[in-house]
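Text of the file my_file.cif, holding mmCIF, N, CA and C atoms:
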```cif
data_work
#
loop_
_atom_site.label_atom_id
_atom_site.label_comp_id
_atom_site.auth_asym_id
_atom_site.auth_seq_id
_atom_site.Cartn_x
_atom_site.Cartn_y
_atom_site.Cartn_z
N GLU H 41 16.52 8.19 7.74
CA GLU H 41 16.75 9.50 7.21
C GLU H 41 18.04 9.49 6.42
N GLY H 42 18.07 10.28 5.38
CA GLY H 42 19.26 10.34 4.57
C GLY H 42 19.30 11.64 3.80
N TYR H 43 20.31 11.74 2.94
CA TYR H 43 20.50 12.93 2.14
C TYR H 43 21.16 12.48 0.85
N ARG H 44 20.55 12.81 -0.27
CA ARG H 44 21.14 12.45 -1.56
C ARG H 44 21.43 13.72 -2.35
N TYR H 45 22.48 13.65 -3.13
CA TYR H 45 22.89 14.81 -3.92
C TYR H 45 23.05 14.36 -5.36
N PRO H 46 21.98 14.51 -6.17
CA PRO H 46 22.06 14.08 -7.57
C PRO H 46 23.09 14.90 -8.34
N PHE H 47 23.77 14.25 -9.27
CA PHE H 47 24.79 14.92 -10.09
C PHE H 47 24.18 16.12 -10.80
N GLY H 48 24.83 17.27 -10.68
CA GLY H 48 24.40 18.48 -11.35
C GLY H 48 23.30 19.25 -10.64
N ALA H 49 22.83 18.76 -9.53
CA ALA H 49 21.74 19.43 -8.81
C ALA H 49 22.25 20.68 -8.10
N ALA H 50 21.35 21.62 -7.89
CA ALA H 50 21.70 22.86 -7.18
C ALA H 50 21.94 22.59 -5.70
N HIS H 51 21.27 21.59 -5.17
CA HIS H 51 21.45 21.21 -3.77
C HIS H 51 20.97 19.78 -3.59
N GLY H 52 21.32 19.21 -2.48
CA GLY H 52 20.89 17.85 -2.18
C GLY H 52 19.44 17.82 -1.72
N MET H 53 18.93 16.60 -1.57
CA MET H 53 17.55 16.40 -1.11
C MET H 53 17.55 15.45 0.08
N PRO H 54 16.90 15.86 1.16
CA PRO H 54 16.78 14.95 2.29
C PRO H 54 15.78 13.84 1.96
N THR H 55 15.94 12.72 2.61
CA THR H 55 15.00 11.61 2.42
C THR H 55 14.56 11.10 3.79
N GLN H 56 13.35 10.59 3.82
CA GLN H 56 12.80 9.95 5.02
C GLN H 56 12.04 8.72 4.57
N VAL H 57 12.30 7.61 5.21
CA VAL H 57 11.55 6.40 4.93
C VAL H 57 11.24 5.76 6.29
N PHE H 58 9.98 5.48 6.51
CA PHE H 58 9.56 4.84 7.75
C PHE H 58 9.03 3.46 7.42
N PRO H 59 9.80 2.41 7.71
CA PRO H 59 9.26 1.06 7.49
C PRO H 59 8.31 0.72 8.63
N HIS H 60 7.17 0.19 8.28
CA HIS H 60 6.15 -0.16 9.28
C HIS H 60 6.13 -1.67 9.40
N ILE H 61 6.81 -2.17 10.43
CA ILE H 61 7.04 -3.60 10.57
C ILE H 61 6.47 -4.08 11.89
N ASP H 62 5.71 -5.15 11.83
CA ASP H 62 5.26 -5.83 13.04
C ASP H 62 6.47 -6.62 13.54
N LEU H 63 7.01 -6.26 14.68
CA LEU H 63 8.22 -6.90 15.18
C LEU H 63 8.00 -8.33 15.64
N VAL H 64 6.75 -8.72 15.83
CA VAL H 64 6.45 -10.09 16.22
C VAL H 64 6.34 -10.98 14.99
N SER H 65 5.56 -10.54 13.99
CA SER H 65 5.33 -11.37 12.81
C SER H 65 6.29 -11.09 11.66
N GLY H 66 6.92 -9.91 11.66
CA GLY H 66 7.79 -9.53 10.56
C GLY H 66 7.05 -8.95 9.37
N GLN H 67 5.74 -8.79 9.48
CA GLN H 67 4.93 -8.27 8.39
C GLN H 67 5.16 -6.78 8.20
N PHE H 68 5.28 -6.36 6.92
CA PHE H 68 5.38 -4.95 6.57
C PHE H 68 3.98 -4.43 6.30
N TYR H 69 3.67 -3.23 6.78
CA TYR H 69 2.35 -2.64 6.59
C TYR H 69 2.40 -1.41 5.69
N GLN H 70 1.32 -1.22 4.97
CA GLN H 70 1.11 -0.04 4.14
C GLN H 70 0.02 0.81 4.80
N LEU H 71 -0.16 2.04 4.36
CA LEU H 71 -1.18 2.92 4.92
C LEU H 71 -2.56 2.28 4.87
N GLU H 72 -2.91 1.66 3.76
CA GLU H 72 -4.22 1.06 3.60
C GLU H 72 -4.50 -0.05 4.63
N ASP H 73 -3.46 -0.67 5.17
CA ASP H 73 -3.63 -1.74 6.13
C ASP H 73 -4.19 -1.26 7.47
N LEU H 74 -4.13 0.03 7.71
CA LEU H 74 -4.66 0.59 8.95
C LEU H 74 -6.19 0.72 8.91
N PHE H 75 -6.76 0.68 7.71
CA PHE H 75 -8.19 0.98 7.55
C PHE H 75 -9.00 -0.23 7.11
N LYS H 76 -10.30 -0.13 7.38
CA LYS H 76 -11.22 -1.18 6.95
C LYS H 76 -11.17 -1.32 5.43
N GLU H 77 -11.26 -2.54 4.97
CA GLU H 77 -11.24 -2.80 3.54
C GLU H 77 -12.38 -2.05 2.86
N GLY H 78 -12.06 -1.38 1.78
CA GLY H 78 -13.06 -0.63 1.02
C GLY H 78 -13.41 0.73 1.59
N SER H 79 -12.79 1.11 2.71
CA SER H 79 -13.10 2.42 3.29
C SER H 79 -12.47 3.52 2.44
N PRO H 80 -13.08 4.69 2.42
CA PRO H 80 -12.54 5.81 1.63
C PRO H 80 -11.46 6.58 2.38
N TYR H 81 -10.45 5.86 2.90
CA TYR H 81 -9.44 6.51 3.74
C TYR H 81 -8.71 7.63 3.03
N VAL H 82 -8.46 7.50 1.73
CA VAL H 82 -7.76 8.56 0.99
C VAL H 82 -8.59 9.84 1.02
N VAL H 83 -9.89 9.73 0.79
CA VAL H 83 -10.79 10.89 0.79
C VAL H 83 -10.87 11.49 2.19
N VAL H 84 -11.05 10.64 3.20
CA VAL H 84 -11.21 11.11 4.58
C VAL H 84 -9.95 11.84 5.04
N LEU H 85 -8.78 11.23 4.86
CA LEU H 85 -7.53 11.86 5.29
C LEU H 85 -7.25 13.13 4.49
N SER H 86 -7.54 13.10 3.19
CA SER H 86 -7.32 14.29 2.35
C SER H 86 -8.14 15.47 2.84
N LYS H 87 -9.39 15.22 3.23
CA LYS H 87 -10.25 16.30 3.72
C LYS H 87 -9.76 16.83 5.06
N ILE H 88 -9.30 15.95 5.93
CA ILE H 88 -8.79 16.39 7.24
C ILE H 88 -7.57 17.30 7.03
N ILE H 89 -6.67 16.88 6.15
CA ILE H 89 -5.47 17.68 5.88
C ILE H 89 -5.83 18.99 5.20
N GLU H 90 -6.76 18.95 4.27
CA GLU H 90 -7.20 20.19 3.60
C GLU H 90 -7.74 21.19 4.62
N ARG H 91 -8.50 20.70 5.58
CA ARG H 91 -9.04 21.57 6.63
C ARG H 91 -7.91 22.15 7.48
N GLN H 92 -6.91 21.33 7.81
CA GLN H 92 -5.78 21.83 8.59
C GLN H 92 -5.04 22.93 7.83
N ILE H 93 -4.84 22.74 6.54
CA ILE H 93 -4.14 23.75 5.73
C ILE H 93 -4.92 25.06 5.72
N LYS H 94 -6.23 24.97 5.60
CA LYS H 94 -7.06 26.18 5.54
C LYS H 94 -7.21 26.87 6.88
N GLU H 95 -7.28 26.11 7.96
CA GLU H 95 -7.62 26.68 9.26
C GLU H 95 -6.44 26.93 10.19
N ASP H 96 -5.34 26.22 10.00
CA ASP H 96 -4.21 26.34 10.93
C ASP H 96 -3.14 27.25 10.32
N PRO H 97 -2.88 28.40 10.94
CA PRO H 97 -1.90 29.34 10.39
C PRO H 97 -0.49 28.76 10.26
N LYS H 98 -0.19 27.69 10.99
CA LYS H 98 1.16 27.12 10.88
C LYS H 98 1.41 26.49 9.51
N TYR H 99 0.35 26.32 8.71
CA TYR H 99 0.50 25.79 7.35
C TYR H 99 0.33 26.89 6.29
N SER H 100 0.52 28.13 6.67
CA SER H 100 0.35 29.25 5.74
C SER H 100 1.40 29.24 4.62
N TYR H 101 2.48 28.52 4.80
CA TYR H 101 3.54 28.46 3.80
C TYR H 101 3.26 27.45 2.68
N VAL H 102 2.22 26.64 2.81
CA VAL H 102 1.89 25.67 1.76
C VAL H 102 1.54 26.44 0.49
N PHE H 103 2.11 26.01 -0.63
CA PHE H 103 1.85 26.68 -1.91
C PHE H 103 0.36 26.68 -2.22
N PRO H 104 -0.20 27.84 -2.62
CA PRO H 104 -1.62 27.88 -3.00
C PRO H 104 -1.89 26.88 -4.12
N ASP H 105 -2.92 26.12 -3.97
CA ASP H 105 -3.37 25.14 -4.96
C ASP H 105 -2.42 23.95 -5.16
N ALA H 106 -1.36 23.85 -4.38
CA ALA H 106 -0.43 22.72 -4.53
C ALA H 106 -1.00 21.44 -3.92
N TYR H 107 -1.72 21.59 -2.84
CA TYR H 107 -2.26 20.40 -2.18
C TYR H 107 -3.48 19.90 -2.96
N GLN H 108 -3.38 18.68 -3.43
CA GLN H 108 -4.48 18.07 -4.20
C GLN H 108 -5.00 16.81 -3.52
N GLY H 109 -4.68 16.63 -2.26
CA GLY H 109 -5.06 15.42 -1.55
C GLY H 109 -3.87 14.48 -1.42
N ILE H 110 -4.09 13.38 -0.72
CA ILE H 110 -3.01 12.41 -0.54
C ILE H 110 -3.13 11.30 -1.58
N ARG H 111 -2.05 10.58 -1.73
CA ARG H 111 -2.02 9.40 -2.59
C ARG H 111 -2.32 8.16 -1.76
N LYS H 112 -2.71 7.11 -2.42
CA LYS H 112 -2.98 5.84 -1.73
C LYS H 112 -1.74 5.37 -0.96
N ASN H 113 -0.57 5.62 -1.52
CA ASN H 113 0.68 5.19 -0.89
C ASN H 113 1.45 6.37 -0.29
N GLN H 114 0.73 7.36 0.22
CA GLN H 114 1.34 8.56 0.81
C GLN H 114 2.28 8.17 1.95
N PRO H 115 3.46 8.78 2.02
CA PRO H 115 4.35 8.49 3.15
C PRO H 115 3.69 8.87 4.49
N PHE H 116 3.95 8.06 5.49
CA PHE H 116 3.33 8.27 6.79
C PHE H 116 4.16 7.60 7.87
N TYR H 117 3.84 7.93 9.10
CA TYR H 117 4.32 7.16 10.25
C TYR H 117 3.24 7.22 11.31
N VAL H 118 3.34 6.33 12.26
CA VAL H 118 2.32 6.24 13.30
C VAL H 118 2.92 6.58 14.66
N GLY H 119 2.09 7.17 15.49
CA GLY H 119 2.46 7.46 16.86
C GLY H 119 1.46 6.80 17.78
N ARG H 120 1.63 7.01 19.05
CA ARG H 120 0.75 6.39 20.04
C ARG H 120 -0.70 6.83 19.89
N ASN H 121 -0.91 8.13 19.60
CA ASN H 121 -2.27 8.69 19.55
C ASN H 121 -2.66 9.27 18.21
N ALA H 122 -1.76 9.20 17.23
CA ALA H 122 -2.07 9.85 15.96
C ALA H 122 -1.32 9.22 14.80
N LEU H 123 -1.88 9.45 13.64
CA LEU H 123 -1.26 9.11 12.37
C LEU H 123 -0.62 10.39 11.84
N TYR H 124 0.57 10.28 11.27
CA TYR H 124 1.27 11.43 10.71
C TYR H 124 1.46 11.20 9.21
N ILE H 125 0.93 12.11 8.42
CA ILE H 125 1.06 12.07 6.97
C ILE H 125 2.05 13.16 6.59
N TYR H 126 3.01 12.82 5.74
CA TYR H 126 3.98 13.85 5.37
C TYR H 126 4.22 13.91 3.87
N PHE H 127 4.72 15.07 3.45
CA PHE H 127 5.04 15.36 2.06
C PHE H 127 6.51 15.73 1.97
N GLU H 128 7.15 15.36 0.88
CA GLU H 128 8.56 15.65 0.70
C GLU H 128 8.77 17.13 0.33
N PRO H 129 10.01 17.63 0.54
CA PRO H 129 10.30 19.02 0.17
C PRO H 129 9.90 19.28 -1.29
N TYR H 130 9.38 20.45 -1.53
CA TYR H 130 8.89 20.93 -2.83
C TYR H 130 7.53 20.36 -3.22
N GLU H 131 7.08 19.29 -2.59
CA GLU H 131 5.84 18.65 -3.03
C GLU H 131 4.63 19.58 -2.88
N ILE H 132 4.51 20.23 -1.72
CA ILE H 132 3.40 21.18 -1.52
C ILE H 132 3.87 22.49 -0.88
N ALA H 133 5.16 22.60 -0.64
CA ALA H 133 5.69 23.78 0.06
C ALA H 133 7.15 24.00 -0.36
N PRO H 134 7.72 25.14 0.02
CA PRO H 134 9.12 25.40 -0.33
C PRO H 134 10.07 24.37 0.28
N TYR H 135 11.21 24.22 -0.35
CA TYR H 135 12.26 23.31 0.14
C TYR H 135 12.58 23.58 1.61
N ALA H 136 12.66 24.86 1.96
CA ALA H 136 13.03 25.25 3.33
C ALA H 136 12.03 24.76 4.37
N ALA H 137 10.81 24.43 3.96
CA ALA H 137 9.79 23.92 4.89
C ALA H 137 10.09 22.49 5.31
N GLY H 138 10.96 21.82 4.57
CA GLY H 138 11.29 20.43 4.91
C GLY H 138 10.13 19.49 4.61
N PHE H 139 9.98 18.50 5.44
CA PHE H 139 8.91 17.52 5.28
C PHE H 139 7.65 18.06 5.97
N VAL H 140 6.72 18.53 5.18
CA VAL H 140 5.47 19.08 5.72
C VAL H 140 4.68 17.91 6.28
N THR H 141 4.38 17.97 7.58
CA THR H 141 3.77 16.84 8.27
C THR H 141 2.47 17.26 8.93
N PHE H 142 1.48 16.38 8.81
CA PHE H 142 0.16 16.63 9.39
C PHE H 142 -0.14 15.55 10.41
N ARG H 143 -0.54 15.98 11.60
CA ARG H 143 -0.91 15.07 12.69
C ARG H 143 -2.42 14.87 12.64
N ILE H 144 -2.83 13.61 12.56
CA ILE H 144 -4.26 13.29 12.53
C ILE H 144 -4.55 12.33 13.69
N PRO H 145 -5.17 12.83 14.74
CA PRO H 145 -5.50 11.95 15.88
C PRO H 145 -6.39 10.79 15.43
N TYR H 146 -6.13 9.63 15.98
CA TYR H 146 -6.91 8.44 15.61
C TYR H 146 -8.40 8.66 15.83
N GLU H 147 -8.76 9.40 16.88
CA GLU H 147 -10.19 9.59 17.18
C GLU H 147 -10.93 10.29 16.04
N GLN H 148 -10.22 11.03 15.18
CA GLN H 148 -10.87 11.70 14.06
C GLN H 148 -11.21 10.74 12.92
N MET H 149 -10.72 9.51 13.00
CA MET H 149 -10.96 8.56 11.91
C MET H 149 -11.29 7.15 12.40
N MET H 150 -11.71 7.04 13.66
CA MET H 150 -11.96 5.72 14.24
C MET H 150 -13.01 4.92 13.47
N GLU H 151 -13.97 5.59 12.84
CA GLU H 151 -15.01 4.85 12.14
C GLU H 151 -14.49 4.11 10.92
N ILE H 152 -13.32 4.48 10.40
CA ILE H 152 -12.77 3.75 9.25
C ILE H 152 -11.53 2.93 9.58
N ILE H 153 -11.01 3.07 10.81
CA ILE H 153 -9.85 2.27 11.22
C ILE H 153 -10.30 0.83 11.46
N ASP H 154 -9.50 -0.11 10.98
CA ASP H 154 -9.77 -1.52 11.20
C ASP H 154 -9.13 -1.91 12.53
N ASN H 155 -9.89 -1.70 13.61
CA ASN H 155 -9.32 -1.94 14.94
C ASN H 155 -9.19 -3.44 15.27
N GLN H 156 -9.63 -4.29 14.35
CA GLN H 156 -9.40 -5.73 14.48
C GLN H 156 -8.29 -6.19 13.54
N GLY H 157 -7.77 -5.27 12.73
CA GLY H 157 -6.74 -5.60 11.75
C GLY H 157 -5.37 -5.76 12.39
N ALA H 158 -4.51 -6.46 11.68
CA ALA H 158 -3.18 -6.78 12.20
C ALA H 158 -2.34 -5.52 12.45
N PHE H 159 -2.45 -4.51 11.59
CA PHE H 159 -1.65 -3.29 11.77
C PHE H 159 -2.04 -2.58 13.06
N TRP H 160 -3.33 -2.36 13.25
CA TRP H 160 -3.81 -1.69 14.46
C TRP H 160 -3.44 -2.50 15.70
N ARG H 161 -3.66 -3.81 15.64
CA ARG H 161 -3.34 -4.66 16.80
C ARG H 161 -1.85 -4.66 17.10
N SER H 162 -1.01 -4.56 16.06
CA SER H 162 0.44 -4.56 16.31
C SER H 162 0.86 -3.32 17.08
N MET H 163 0.13 -2.21 16.90
CA MET H 163 0.47 -0.97 17.60
C MET H 163 -0.12 -0.96 19.01
N HIS H 164 -1.08 -1.79 19.28
CA HIS H 164 -1.76 -1.79 20.58
C HIS H 164 -1.60 -3.13 21.28
N TYR H 165 -0.53 -3.82 20.96
CA TYR H 165 -0.25 -5.15 21.49
C TYR H 165 -0.10 -5.15 23.01
N PHE H 166 0.51 -4.12 23.55
CA PHE H 166 0.83 -4.10 24.97
C PHE H 166 -0.19 -3.34 25.81
N LYS H 167 -1.32 -2.95 25.24
CA LYS H 167 -2.31 -2.21 26.01
C LYS H 167 -3.06 -3.14 26.94
#
```
Rendering of file as structure tokens:
Amino acid sequence: EGYRYPFGAAHGMPTQVFPHIDLVSGQFYQLEDLFKEGSPYVVVLSKIIERQIKEDPKYSYVFPDAYQGIRKNQPFYVGRNALYIYFEPYEIAPYAAGFVTFRIPYEQMMEIIDNQGAFWRSMHYFK
């Protein structure tokens, strides 16, 4: 986490970067590494988030029509039971909203997760 203040800006901008590193192999992972090769993970995750925005009142502050889906390299982090996709301030909501984050339980996307892949196995090494 950090905070940068560009010259001449009205205010600074917070930053978040989550490196996804296998501590055993040293390999860095990207979002796509969590999913089966060729799977439509961008479409699947985008639809899940779109549904959350429409159905969950806690996302009522998201700018109308600002959400257009996720990018292939969308910022994310992983938890024990869920994937977290986040957007930077101003991206889909007011600055005051901070990093708008969506929790997506793994069970909602198990059919496209590569549970034999190195990224998934690195998170479940001790199970």
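Residues in contact range of H:Ser65, defined as at most 12 Å between only C-alpha atoms, with sequence neighbours fewer than 3 positions away removed, read His60, Ile61, Asp62, Phe68, Tyr69, Ala158, Phe159, Arg161 and Ser162 of chain H.
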field: Given only C-alpha atoms as the counted atoms, nearest of H:Lys94, H:Ile89, H:Phe103, H:Pro129 to H:Gln148
entry: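 Among the listed residues, the smallest separation from H:Gln148 belongs to H:Ile89.
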field: Contacts of stretch 110-126 of chain H within 6.5 Å, only N, CA and C atoms, excl. fewer than 4 positions in-chain, as a list in words
entry: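 Listed by chain and then number, they are Phe58, Leu71, Glu72, Val82, Leu85, Ser86, Phe139, Val140, Thr141, Phe142, Arg143, Ile144, Pro145, Tyr146 and Glu147 of chain H.
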message: Taking the DSSP secondary structure from the backbone, can you list the residues of chain H that are alpha helix (DSSP H), as a ChimeraX atom specification?
response: /H:81-95,158-163
Once 6 Å is added on each side, what centre and edge lengths in Å to one decimal does the axis-aligned box around all listed atoms of stretch 46-53 of chain H have, as lines of an AutoDock Vina configuration file?
```
center_x = 21.2
center_y = 18.5
center_z = -5.6
size_x = 19.3
size_y = 20.8
size_z = 23.4
```
- prompt: Any idea what the distance is between atom N of H:Lys76 and atom CA of H:Gly109?
  reply: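 Straight-line distance from atom N of H:Lys76 to atom CA of H:Gly109 works out to 18.7 Å.
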query: So which bits of stretch 99-146 of chain H end up strand (DSSP E) when you DSSP the backbone, as number ranges by chain?
result: H: 116-118, 122-127, 140-145
Selected residues, N, CA and C atoms, written as a PDB file, in the frame of the given file, please.
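Output saved as selection_38.pdb:
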```pdb
ATOM      1  N   PHE H 116       3.950   8.060   5.490  1.00  0.00           N
ATOM      2  CA  PHE H 116       3.330   8.270   6.790  1.00  0.00           C
ATOM      3  C   PHE H 116       4.160   7.600   7.870  1.00  0.00           C
ATOM      4  N   TYR H 117       3.840   7.930   9.100  1.00  0.00           N
ATOM      5  CA  TYR H 117       4.320   7.160  10.250  1.00  0.00           C
ATOM      6  C   TYR H 117       3.240   7.220  11.310  1.00  0.00           C
ATOM      7  N   VAL H 118       3.340   6.330  12.260  1.00  0.00           N
ATOM      8  CA  VAL H 118       2.320   6.240  13.300  1.00  0.00           C
ATOM      9  C   VAL H 118       2.920   6.580  14.660  1.00  0.00           C
ATOM     10  N   ALA H 122      -1.760   9.200  17.230  1.00  0.00           N
ATOM     11  CA  ALA H 122      -2.070   9.850  15.960  1.00  0.00           C
ATOM     12  C   ALA H 122      -1.320   9.220  14.800  1.00  0.00           C
ATOM     13  N   LEU H 123      -1.880   9.450  13.640  1.00  0.00           N
ATOM     14  CA  LEU H 123      -1.260   9.110  12.370  1.00  0.00           C
ATOM     15  C   LEU H 123      -0.620  10.390  11.840  1.00  0.00           C
ATOM     16  N   TYR H 124       0.570  10.280  11.270  1.00  0.00           N
ATOM     17  CA  TYR H 124       1.270  11.430  10.710  1.00  0.00           C
ATOM     18  C   TYR H 124       1.460  11.200   9.210  1.00  0.00           C
ATOM     19  N   ILE H 125       0.930  12.110   8.420  1.00  0.00           N
ATOM     20  CA  ILE H 125       1.060  12.070   6.970  1.00  0.00           C
ATOM     21  C   ILE H 125       2.050  13.160   6.590  1.00  0.00           C
ATOM     22  N   TYR H 126       3.010  12.820   5.740  1.00  0.00           N
ATOM     23  CA  TYR H 126       3.980  13.850   5.370  1.00  0.00           C
ATOM     24  C   TYR H 126       4.220  13.910   3.870  1.00  0.00           C
ATOM     25  N   PHE H 127       4.720  15.070   3.450  1.00  0.00           N
ATOM     26  CA  PHE H 127       5.040  15.360   2.060  1.00  0.00           C
ATOM     27  C   PHE H 127       6.510  15.730   1.970  1.00  0.00           C
ATOM     28  N   VAL H 140       6.720  18.530   5.180  1.00  0.00           N
ATOM     29  CA  VAL H 140       5.470  19.080   5.720  1.00  0.00           C
ATOM     30  C   VAL H 140       4.680  17.910   6.280  1.00  0.00           C
ATOM     31  N   THR H 141       4.380  17.970   7.580  1.00  0.00           N
ATOM     32  CA  THR H 141       3.770  16.840   8.270  1.00  0.00           C
ATOM     33  C   THR H 141       2.470  17.260   8.930  1.00  0.00           C
ATOM     34  N   PHE H 142       1.480  16.380   8.810  1.00  0.00           N
ATOM     35  CA  PHE H 142       0.160  16.630   9.390  1.00  0.00           C
ATOM     36  C   PHE H 142      -0.140  15.550  10.410  1.00  0.00           C
ATOM     37  N   ARG H 143      -0.540  15.980  11.600  1.00  0.00           N
ATOM     38  CA  ARG H 143      -0.910  15.070  12.690  1.00  0.00           C
ATOM     39  C   ARG H 143      -2.420  14.870  12.640  1.00  0.00           C
ATOM     40  N   ILE H 144      -2.830  13.610  12.560  1.00  0.00           N
ATOM     41  CA  ILE H 144      -4.260  13.290  12.530  1.00  0.00           C
ATOM     42  C   ILE H 144      -4.550  12.330  13.690  1.00  0.00           C
ATOM     43  N   PRO H 145      -5.170  12.830  14.740  1.00  0.00           N
ATOM     44  CA  PRO H 145      -5.500  11.950  15.880  1.00  0.00           C
ATOM     45  C   PRO H 145      -6.390  10.790  15.430  1.00  0.00           C
TER      46      PRO H 145
END
```
- request: Go ahead and compute the interatomic distance for atom CA of H:Val57 and atom CA of H:Tyr130, in Å to one decimal.
  value: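 About the pair atom CA of H:Val57 and atom CA of H:Tyr130: they are 16.7 Å apart.
Here the question is which of H:Glu90, H:Glu128, H:Val83, H:Asp73 gets nearest to H:Asn155 using only C-alpha atoms, and that residue is H:Asp73.
Pairwise distance (atom CA of H:Gln56, atom CA of H:Arg44) equals 10.9 Å.
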task: Between H:Leu74, H:His51, H:Val102, H:Pro134, single out the one closest to H:Asp154, counting only N, CA and C atoms.
output: H:Leu74
- request: Taking the file above as input, evaluate the PyMOL selection byres ((chain H and resi 53) around 7) and report the hits as a PyMOL selection string.
  value: chain H and resi 42-46+51-52+54-55
field: Residue nearest H:Ile153 among H:Phe47, H:Phe75, H:Tyr99, H:Tyr107 (counting only C-alpha atoms)
entry: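 Residue with the minimum atom-to-atom distance to H:Ile153: H:Phe75.
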